[in-house]
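Everything below belongs to target07.cif, which stores mmCIF, C-alpha atoms and all ligand atoms.
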data_work
#
loop_
_atom_site.group_PDB
_atom_site.id
_atom_site.type_symbol
_atom_site.label_atom_id
_atom_site.label_comp_id
_atom_site.auth_asym_id
_atom_site.auth_seq_id
_atom_site.Cartn_x
_atom_site.Cartn_y
_atom_site.Cartn_z
ATOM 1 C CA VAL G 58 -33.298 7.909 -21.732
ATOM 2 C CA ALA G 59 -30.744 10.659 -22.397
ATOM 3 C CA ALA G 60 -27.626 9.838 -24.416
ATOM 4 C CA ARG G 61 -24.774 8.475 -22.355
ATOM 5 C CA ARG G 62 -22.099 11.116 -21.832
ATOM 6 C CA PHE G 63 -18.593 10.000 -22.804
ATOM 7 C CA VAL G 64 -16.329 9.610 -19.767
ATOM 8 C CA VAL G 65 -12.547 9.229 -19.741
ATOM 9 C CA GLY G 66 -10.702 8.373 -16.537
ATOM 10 C CA GLY G 67 -6.970 8.512 -15.927
ATOM 11 C CA ASN G 68 -5.742 6.043 -13.322
ATOM 12 C CA TRP G 69 -2.264 7.153 -12.301
ATOM 13 C CA LYS G 70 -1.843 4.110 -10.026
ATOM 14 C CA MET G 71 1.143 4.477 -7.651
ATOM 15 C CA ASN G 72 2.974 6.949 -9.898
ATOM 16 C CA GLY G 73 3.927 10.582 -9.675
ATOM 17 C CA ASP G 74 5.604 13.151 -7.473
ATOM 18 C CA HIS G 75 5.041 16.905 -7.306
ATOM 19 C CA ALA G 76 7.281 17.550 -10.313
ATOM 20 C CA THR G 77 5.706 14.994 -12.662
ATOM 21 C CA ILE G 78 2.200 15.809 -11.432
ATOM 22 C CA ASP G 79 2.833 19.492 -12.242
ATOM 23 C CA GLY G 80 3.616 18.367 -15.789
ATOM 24 C CA ILE G 81 0.403 16.343 -16.109
ATOM 25 C CA ILE G 82 -1.684 19.174 -14.675
ATOM 26 C CA ALA G 83 -0.037 21.585 -17.126
ATOM 27 C CA PHE G 84 -0.948 19.624 -20.257
ATOM 28 C CA LEU G 85 -4.468 18.953 -18.991
ATOM 29 C CA ASN G 86 -5.074 22.574 -18.026
ATOM 30 C CA GLN G 87 -3.721 23.774 -21.380
ATOM 31 C CA SER G 88 -5.925 21.398 -23.332
ATOM 32 C CA GLY G 89 -9.087 23.277 -22.446
ATOM 33 C CA GLY G 90 -10.860 20.032 -21.586
ATOM 34 C CA ASN G 91 -13.799 18.886 -23.685
ATOM 35 C CA SER G 92 -17.293 20.016 -22.822
ATOM 36 C CA ASP G 93 -18.758 16.773 -24.220
ATOM 37 C CA VAL G 94 -16.638 14.497 -22.012
ATOM 38 C CA ASP G 95 -16.479 13.845 -18.268
ATOM 39 C CA ILE G 96 -12.759 13.810 -17.473
ATOM 40 C CA ILE G 97 -11.705 12.166 -14.212
ATOM 41 C CA VAL G 98 -8.101 11.891 -13.044
ATOM 42 C CA SER G 99 -7.092 9.619 -10.193
ATOM 43 C CA PRO G 100 -3.825 10.465 -8.456
ATOM 44 C CA PRO G 101 -2.374 8.547 -5.505
ATOM 45 C CA ALA G 102 -4.099 9.490 -2.220
ATOM 46 C CA PRO G 103 -1.329 11.782 -0.886
ATOM 47 C CA TYR G 104 -1.722 14.059 -3.930
ATOM 48 C CA LEU G 105 -5.533 14.243 -4.117
ATOM 49 C CA THR G 106 -5.759 17.702 -2.555
ATOM 50 C CA TYR G 107 -2.808 19.048 -4.522
ATOM 51 C CA VAL G 108 -4.341 17.922 -7.822
ATOM 52 C CA LYS G 109 -7.814 19.184 -6.874
ATOM 53 C CA GLU G 110 -6.349 22.609 -6.040
ATOM 54 C CA HIS G 111 -4.287 22.950 -9.215
ATOM 55 C CA ILE G 112 -6.346 21.318 -11.915
ATOM 56 C CA LYS G 113 -9.107 23.082 -13.820
ATOM 57 C CA ASN G 114 -12.541 22.879 -12.222
ATOM 58 C CA ASN G 115 -14.073 20.974 -15.131
ATOM 59 C CA ILE G 116 -11.701 18.045 -14.546
ATOM 60 C CA LEU G 117 -12.902 15.741 -11.790
ATOM 61 C CA VAL G 118 -10.584 14.029 -9.313
ATOM 62 C CA ALA G 119 -11.097 10.475 -8.023
ATOM 63 C CA ALA G 120 -9.482 8.435 -5.283
ATOM 64 C CA GLN G 121 -8.124 5.041 -6.381
ATOM 65 C CA ASN G 122 -9.639 3.104 -3.497
ATOM 66 C CA CYS G 123 -11.385 3.496 -0.148
ATOM 67 C CA TYR G 124 -12.501 1.367 2.779
ATOM 68 C CA LYS G 125 -16.029 0.255 3.685
ATOM 69 C CA VAL G 126 -16.584 2.319 6.835
ATOM 70 C CA ALA G 127 -16.290 6.046 7.674
ATOM 71 C CA LYS G 128 -13.565 5.947 10.320
ATOM 72 C CA GLY G 129 -11.870 3.859 12.949
ATOM 73 C CA ALA G 130 -9.015 1.493 13.641
ATOM 74 C CA PHE G 131 -8.092 0.610 10.059
ATOM 75 C CA THR G 132 -4.466 1.645 9.717
ATOM 76 C CA GLY G 133 -3.501 2.615 6.199
ATOM 77 C CA GLU G 134 -7.028 2.978 4.843
ATOM 78 C CA ILE G 135 -8.954 6.052 3.689
ATOM 79 C CA SER G 136 -12.724 6.489 3.849
ATOM 80 C CA PRO G 137 -15.353 7.924 1.511
ATOM 81 C CA ALA G 138 -16.075 10.544 4.213
ATOM 82 C CA MET G 139 -12.468 11.742 3.909
ATOM 83 C CA ILE G 140 -12.643 11.807 0.116
ATOM 84 C CA LYS G 141 -15.841 13.876 0.352
ATOM 85 C CA ASP G 142 -14.189 16.126 2.917
ATOM 86 C CA LEU G 143 -11.486 16.948 0.348
ATOM 87 C CA GLY G 144 -14.274 18.149 -1.942
ATOM 88 C CA LEU G 145 -14.101 15.139 -4.270
ATOM 89 C CA GLN G 146 -16.982 13.150 -5.756
ATOM 90 C CA TRP G 147 -15.448 9.994 -7.191
ATOM 91 C CA VAL G 148 -13.648 6.792 -6.250
ATOM 92 C CA ILE G 149 -12.399 3.828 -8.288
ATOM 93 C CA LEU G 150 -13.293 0.457 -6.725
ATOM 94 C CA GLY G 151 -12.537 -3.111 -7.712
ATOM 95 C CA HIS G 152 -9.563 -2.304 -9.928
ATOM 96 C CA SER G 153 -7.862 -5.509 -11.062
ATOM 97 C CA GLU G 154 -4.767 -4.645 -9.038
ATOM 98 C CA ARG G 155 -6.925 -4.385 -5.907
ATOM 99 C CA ARG G 156 -8.556 -7.708 -6.771
ATOM 100 C CA HIS G 157 -5.474 -9.644 -7.831
ATOM 101 C CA VAL G 158 -2.458 -8.009 -6.152
ATOM 102 C CA PHE G 159 -4.216 -7.219 -2.863
ATOM 103 C CA GLY G 160 -6.695 -10.091 -2.886
ATOM 104 C CA GLU G 161 -9.907 -8.077 -2.548
ATOM 105 C CA SER G 162 -12.995 -10.270 -2.884
ATOM 106 C CA ASP G 163 -16.203 -9.575 -4.798
ATOM 107 C CA CYS G 164 -17.909 -9.294 -1.414
ATOM 108 C CA LEU G 165 -15.494 -6.712 0.021
ATOM 109 C CA ILE G 166 -15.644 -4.657 -3.176
ATOM 110 C CA ALA G 167 -19.447 -4.721 -3.022
ATOM 111 C CA GLU G 168 -19.412 -3.579 0.614
ATOM 112 C CA LYS G 169 -17.022 -0.761 -0.262
ATOM 113 C CA THR G 170 -19.221 0.240 -3.187
ATOM 114 C CA VAL G 171 -22.372 0.384 -1.079
ATOM 115 C CA HIS G 172 -20.638 2.456 1.586
ATOM 116 C CA ALA G 173 -19.067 4.830 -0.949
ATOM 117 C CA LEU G 174 -22.452 5.396 -2.614
ATOM 118 C CA GLU G 175 -24.197 5.911 0.721
ATOM 119 C CA SER G 176 -21.491 8.438 1.599
ATOM 120 C CA GLY G 177 -22.356 10.410 -1.528
ATOM 121 C CA LEU G 178 -19.532 9.363 -3.840
ATOM 122 C CA ASN G 179 -19.811 8.204 -7.432
ATOM 123 C CA VAL G 180 -18.009 4.943 -8.190
ATOM 124 C CA ILE G 181 -16.017 3.691 -11.159
ATOM 125 C CA PHE G 182 -16.666 -0.017 -10.625
ATOM 126 C CA CYS G 183 -14.055 -2.184 -12.364
ATOM 127 C CA ILE G 184 -14.608 -5.722 -13.567
ATOM 128 C CA GLY G 185 -12.869 -8.053 -15.992
ATOM 129 C CA GLU G 186 -11.559 -11.526 -16.631
ATOM 130 C CA LYS G 187 -8.015 -12.881 -16.440
ATOM 131 C CA LEU G 188 -6.346 -14.499 -19.456
ATOM 132 C CA ASP G 189 -6.960 -18.070 -18.317
ATOM 133 C CA GLU G 190 -10.617 -17.219 -17.706
ATOM 134 C CA ARG G 191 -10.994 -15.786 -21.221
ATOM 135 C CA GLU G 192 -9.249 -18.837 -22.706
ATOM 136 C CA ALA G 193 -11.601 -21.093 -20.752
ATOM 137 C CA GLY G 194 -14.584 -19.251 -22.243
ATOM 138 C CA LYS G 195 -15.517 -17.723 -18.880
ATOM 139 C CA THR G 196 -15.407 -14.016 -19.742
ATOM 140 C CA LYS G 197 -19.140 -13.426 -19.286
ATOM 141 C CA GLU G 198 -19.337 -15.638 -16.225
ATOM 142 C CA VAL G 199 -16.586 -13.653 -14.466
ATOM 143 C CA ASN G 200 -17.998 -10.247 -15.446
ATOM 144 C CA PHE G 201 -21.488 -11.244 -14.366
ATOM 145 C CA ARG G 202 -20.271 -12.695 -11.046
ATOM 146 C CA GLN G 203 -18.355 -9.489 -10.241
ATOM 147 C CA LEU G 204 -21.405 -7.384 -11.140
ATOM 148 C CA GLN G 205 -23.873 -9.641 -9.332
ATOM 149 C CA ALA G 206 -22.107 -8.745 -6.070
ATOM 150 C CA ILE G 207 -23.464 -5.187 -6.371
ATOM 151 C CA VAL G 208 -26.756 -6.114 -8.061
ATOM 152 C CA ASP G 209 -27.502 -8.063 -4.880
ATOM 153 C CA LYS G 210 -27.040 -4.852 -2.855
ATOM 154 C CA LYS G 211 -29.634 -2.788 -4.745
ATOM 155 C CA VAL G 212 -27.306 0.131 -5.479
ATOM 156 C CA ASP G 213 -28.051 3.536 -7.076
ATOM 157 C CA TRP G 214 -26.887 2.851 -10.631
ATOM 158 C CA SER G 215 -27.025 6.522 -11.611
ATOM 159 C CA LYS G 216 -23.854 6.993 -9.536
ATOM 160 C CA ILE G 217 -21.931 4.084 -11.031
ATOM 161 C CA VAL G 218 -19.748 3.883 -14.121
ATOM 162 C CA ILE G 219 -18.753 0.311 -15.007
ATOM 163 C CA ALA G 220 -15.190 -0.117 -16.256
ATOM 164 C CA TYR G 221 -14.690 -3.330 -18.213
ATOM 165 C CA GLU G 222 -10.975 -4.028 -17.953
ATOM 166 C CA PRO G 223 -9.802 -7.449 -19.126
ATOM 167 C CA VAL G 224 -6.856 -8.216 -16.850
ATOM 168 C CA TRP G 225 -4.758 -9.540 -19.759
ATOM 169 C CA ALA G 226 -5.002 -6.124 -21.415
ATOM 170 C CA ILE G 227 -4.021 -3.978 -18.440
ATOM 171 C CA GLY G 228 -0.503 -2.609 -18.678
ATOM 172 C CA THR G 229 0.444 -5.247 -21.242
ATOM 173 C CA GLY G 230 0.118 -3.350 -24.507
ATOM 174 C CA LYS G 231 -2.366 -6.049 -25.625
ATOM 175 C CA THR G 232 -5.495 -3.980 -26.146
ATOM 176 C CA ALA G 233 -8.780 -5.807 -26.628
ATOM 177 C CA SER G 234 -9.891 -5.414 -30.229
ATOM 178 C CA PRO G 235 -12.853 -3.072 -30.708
ATOM 179 C CA GLU G 236 -14.932 -6.198 -31.479
ATOM 180 C CA GLN G 237 -13.811 -8.045 -28.329
ATOM 181 C CA ALA G 238 -14.502 -4.990 -26.184
ATOM 182 C CA GLN G 239 -17.881 -4.311 -27.822
ATOM 183 C CA GLU G 240 -18.919 -7.951 -27.337
ATOM 184 C CA ALA G 241 -18.150 -7.772 -23.622
ATOM 185 C CA HIS G 242 -19.817 -4.375 -23.195
ATOM 186 C CA GLU G 243 -22.937 -5.533 -25.011
ATOM 187 C CA SER G 244 -23.193 -8.601 -22.784
ATOM 188 C CA ILE G 245 -22.755 -6.449 -19.666
ATOM 189 C CA ARG G 246 -25.573 -4.167 -20.835
ATOM 190 C CA GLU G 247 -27.737 -7.211 -21.505
ATOM 191 C CA PHE G 248 -26.963 -8.451 -17.981
ATOM 192 C CA LEU G 249 -28.074 -5.099 -16.517
ATOM 193 C CA LYS G 250 -31.280 -5.294 -18.531
ATOM 194 C CA GLU G 251 -32.078 -8.739 -17.184
ATOM 195 C CA LYS G 252 -30.970 -8.280 -13.581
ATOM 196 C CA VAL G 253 -31.691 -4.607 -12.925
ATOM 197 C CA SER G 254 -33.867 -2.799 -15.485
ATOM 198 C CA GLN G 255 -34.135 -1.652 -19.058
ATOM 199 C CA ASP G 256 -33.573 1.969 -17.950
ATOM 200 C CA VAL G 257 -30.411 1.185 -16.002
ATOM 201 C CA ALA G 258 -29.103 -0.875 -18.918
ATOM 202 C CA ALA G 259 -29.707 2.011 -21.307
ATOM 203 C CA SER G 260 -28.309 4.775 -19.100
ATOM 204 C CA THR G 261 -25.301 3.181 -17.360
ATOM 205 C CA ARG G 262 -21.971 4.107 -18.862
ATOM 206 C CA ILE G 263 -19.653 1.175 -19.567
ATOM 207 C CA ILE G 264 -16.079 2.243 -20.249
ATOM 208 C CA TYR G 265 -13.218 0.137 -21.555
ATOM 209 C CA GLY G 266 -9.772 -0.132 -19.952
ATOM 210 C CA GLY G 267 -6.669 -2.059 -20.954
ATOM 211 C CA SER G 268 -3.774 -0.556 -22.908
ATOM 212 C CA VAL G 269 -5.834 2.272 -24.406
ATOM 213 C CA THR G 270 -3.608 4.640 -26.363
ATOM 214 C CA ALA G 271 -4.011 7.673 -28.588
ATOM 215 C CA ASP G 272 -3.710 5.267 -31.540
ATOM 216 C CA ASN G 273 -6.471 2.791 -30.640
ATOM 217 C CA ALA G 274 -8.936 5.018 -28.752
ATOM 218 C CA ALA G 275 -10.820 6.314 -31.791
ATOM 219 C CA GLU G 276 -11.690 2.847 -33.154
ATOM 220 C CA LEU G 277 -12.737 1.576 -29.723
ATOM 221 C CA GLY G 278 -14.786 4.726 -29.125
ATOM 222 C CA LYS G 279 -16.850 4.138 -32.278
ATOM 223 C CA LYS G 280 -18.446 1.025 -30.832
ATOM 224 C CA GLY G 281 -22.021 1.499 -29.679
ATOM 225 C CA ASP G 282 -21.640 0.155 -26.156
ATOM 226 C CA ILE G 283 -18.253 1.728 -25.366
ATOM 227 C CA ASP G 284 -18.974 4.947 -23.472
ATOM 228 C CA GLY G 285 -15.416 5.997 -22.702
ATOM 229 C CA PHE G 286 -12.170 4.702 -21.269
ATOM 230 C CA LEU G 287 -10.248 4.061 -18.096
ATOM 231 C CA VAL G 288 -6.623 4.708 -18.943
ATOM 232 C CA GLY G 289 -3.549 3.738 -16.937
ATOM 233 C CA GLY G 290 -0.120 4.239 -18.507
ATOM 234 C CA ALA G 291 -1.201 6.651 -21.234
ATOM 235 C CA SER G 292 -2.959 8.920 -18.721
ATOM 236 C CA LEU G 293 0.445 10.091 -17.488
ATOM 237 C CA LYS G 294 1.390 11.425 -20.931
ATOM 238 C CA PRO G 295 0.175 14.304 -23.125
ATOM 239 C CA ASP G 296 -1.416 11.621 -25.354
ATOM 240 C CA PHE G 297 -4.142 11.433 -22.706
ATOM 241 C CA VAL G 298 -5.595 14.603 -24.261
ATOM 242 C CA LYS G 299 -5.968 12.765 -27.582
ATOM 243 C CA ILE G 300 -7.787 9.934 -25.806
ATOM 244 C CA ILE G 301 -10.150 12.430 -24.149
ATOM 245 C CA ASN G 302 -10.910 13.792 -27.619
ATOM 246 C CA ALA G 303 -11.108 10.377 -29.321
ATOM 247 C CA ARG G 304 -14.784 10.828 -30.187
ATOM 248 C CA SER G 305 -14.554 14.494 -31.178
HETATM 249 C C1 LIG F 1 -5.839 0.677 -15.644
HETATM 250 O O1 LIG F 1 -4.995 0.772 -14.770
HETATM 251 O O2 LIG F 1 -7.039 0.783 -15.340
HETATM 252 C C2 LIG F 1 -5.414 0.445 -17.032
HETATM 253 C C3 LIG F 1 -6.319 0.199 -17.937
HETATM 254 O O3 LIG F 1 -4.055 0.493 -17.304
HETATM 255 P P1 LIG F 1 -3.340 0.576 -18.774
HETATM 256 O O4 LIG F 1 -4.101 1.630 -19.552
HETATM 257 O O5 LIG F 1 -1.950 0.983 -18.466
HETATM 258 O O6 LIG F 1 -3.472 -0.766 -19.399
#
Starting from the file, lay out its structure as C-alpha cells.
Ligand code: PEP
Amino acid sequence: VAARRFVVGGNWKMNGDHATIDGIIAFLNQSGGNSDVDIIVSPPAPYLTYVKEHIKNNILVAAQNCYKVAKGAFTGEISPAMIKDLGLQWVILGHSERRHVFGESDCLIAEKTVHALESGLNVIFCIGEKLDEREAGKTKEVNFRQLQAIVDKKVDWSKIVIAYEPVWAIGTGKTASPEQAQEAHESIREFLKEKVSQDVAASTRIIYGGSVTADNAAELGKKGDIDGFLVGGASLKPDFVKIINARS
C-alpha cells in the first residue's frame, strides 16, 4: 500500500464575503501550495464558483454539505450533481455542526455519503464524540457507531477521508493532545481493519480536527495515524499556510 498523502482541509463554515475571501485566496495563492499535501478549502456554497475561479488549480475546493438526491423539491438544499457541475470534486459530510446544530442522524449522513460517492464526489466524512461521551468513556463507541453507518453501505473507501473531530475541541481552543488524537485515530484504523479490510485500514487517510493552529499542528502531525487536519477558525488566517506545511 502506498504511503498516505497528507491532506489539510480548511472549513470556512458560514464565514466570509468577497472582500475577506479575496484576502484568503491571496495568501493561499502566494504560498505556492505544497506538492506533498492535498489542500482543500471549503467556502460557503454561494462562493464555491468564485473561489474555484480565483484560487490556484492545485488547491481543491469542497462544498460543506449536500443532500442525498440529485434534484427536486428540497428547498434550500444543494446536490452532489450541482457540486460536480461547478467542476468540484469534494464535499464535507457529517460535520459536528450538521450533526448537533441541525440534528442530522447517522442514517441521513450515510445516505448522503452514498449518494455523493455515487455521483462521483470524494467525501470528507466527519466523526467524533461530545464531551459527555468522552467523560463517560464512550469515545470509541461513538466513533465506531458513526462509521458503522457507512460500513453498512459498502462504500468506495478510496474516495473517503475520515476526519476525527472531537466535538469538545471544535472552536473551543481545547485541542486534543497529540496522544489523545493518536489514540482515537489508531482505534479508528483498527476498526477499519476489522470491519472493512486490512488494505482499507492501511490506505484510508484519517485527519484530525479541533482547534488546530500553527502552534500545535507540527506535534499532532508527527503521530503515525494522523494524516492531516481539518481546520476551522485558523483556515481563515495566513497561519493556515503554516498548518499546510506542518510536516514539511
Ligand atoms: C471544524 O470546523 O472542522 C474545526 C475543526 O473547527 P476549529 O478548527 O475552529 O476548531
Worksheet item: So what does the PyMOL selection byres (((chain G and resi 121-131) around 8) and not hetatm) actually pick up in this one, as a list in words?
Response: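 Evaluating the PyMOL selection byres (((chain G and resi 121-131) around 8) and not hetatm) on this file yields Asn68, Lys70, Ser99, Pro100, Pro101, Ala102, Ala119, Ala120, Thr132, Gly133, Glu134, Ile135, Ser136, Pro137, Ala138, Met139, Val148, Ile149, Leu150, Leu165, Glu168, Lys169, Thr170, Val171, His172 and Ala173 of chain G.
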Box in all listed atoms of range 60-76 of chain G, axis-aligned, with 8 Å more on each side; write out centre and edge lengths in Å to one decimal as AutoDock Vina command-line options.
--center_x -10.2 --center_y 10.8 --center_z -15.9 --size_x 50.9 --size_y 29.4 --size_z 33.1
For this file, the PyMOL selection byres (((chain G and resi 284-288) around 6) and not hetatm) selects which residues, as a PDB file with C-alpha atoms, in the frame of the given file?
ATOM      1  CA  PHE G  63     -18.593  10.000 -22.804  1.00  0.00           C
ATOM      2  CA  VAL G  64     -16.329   9.610 -19.767  1.00  0.00           C
ATOM      3  CA  VAL G  65     -12.547   9.229 -19.741  1.00  0.00           C
ATOM      4  CA  GLY G  66     -10.702   8.373 -16.537  1.00  0.00           C
ATOM      5  CA  GLY G  67      -6.970   8.512 -15.927  1.00  0.00           C
ATOM      6  CA  ASN G  68      -5.742   6.043 -13.322  1.00  0.00           C
ATOM      7  CA  ARG G 262     -21.971   4.107 -18.862  1.00  0.00           C
ATOM      8  CA  ILE G 263     -19.653   1.175 -19.567  1.00  0.00           C
ATOM      9  CA  ILE G 264     -16.079   2.243 -20.249  1.00  0.00           C
ATOM     10  CA  TYR G 265     -13.218   0.137 -21.555  1.00  0.00           C
ATOM     11  CA  GLY G 266      -9.772  -0.132 -19.952  1.00  0.00           C
ATOM     12  CA  ILE G 283     -18.253   1.728 -25.366  1.00  0.00           C
ATOM     13  CA  GLY G 289      -3.549   3.738 -16.937  1.00  0.00           C
ATOM     14  CA  SER G 292      -2.959   8.920 -18.721  1.00  0.00           C
TER      15      SER G 292
END
Fill in: Pairwise distance for CA of Ala238 in chain G and CA of Leu293 in chain G, rounded to one decimal in Å
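One can read the CA of Ala238 in chain G to CA of Leu293 in chain G distance as 22.9 Å.
Distance annotation: of G:Leu178, G:Ile116, G:Leu249, G:Ile217, the residue with the minimal separation from Ser92 in chain G is G:Ile116; atom set is only C-alpha atoms.
Take the candidates G:Gly228, G:Gly177, G:Gly281, G:Gly90 and check each one against Ala241 in chain G using only C-alpha atoms; the shortest distance goes to G:Gly281.
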Worksheet entry | Interatomic distance (Å, one decimal) between CA of Asn115 in chain G and CA of Asn179 in chain G |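 About the pair CA of Asn115 in chain G and CA of Asn179 in chain G: they are 16.0 Å apart.
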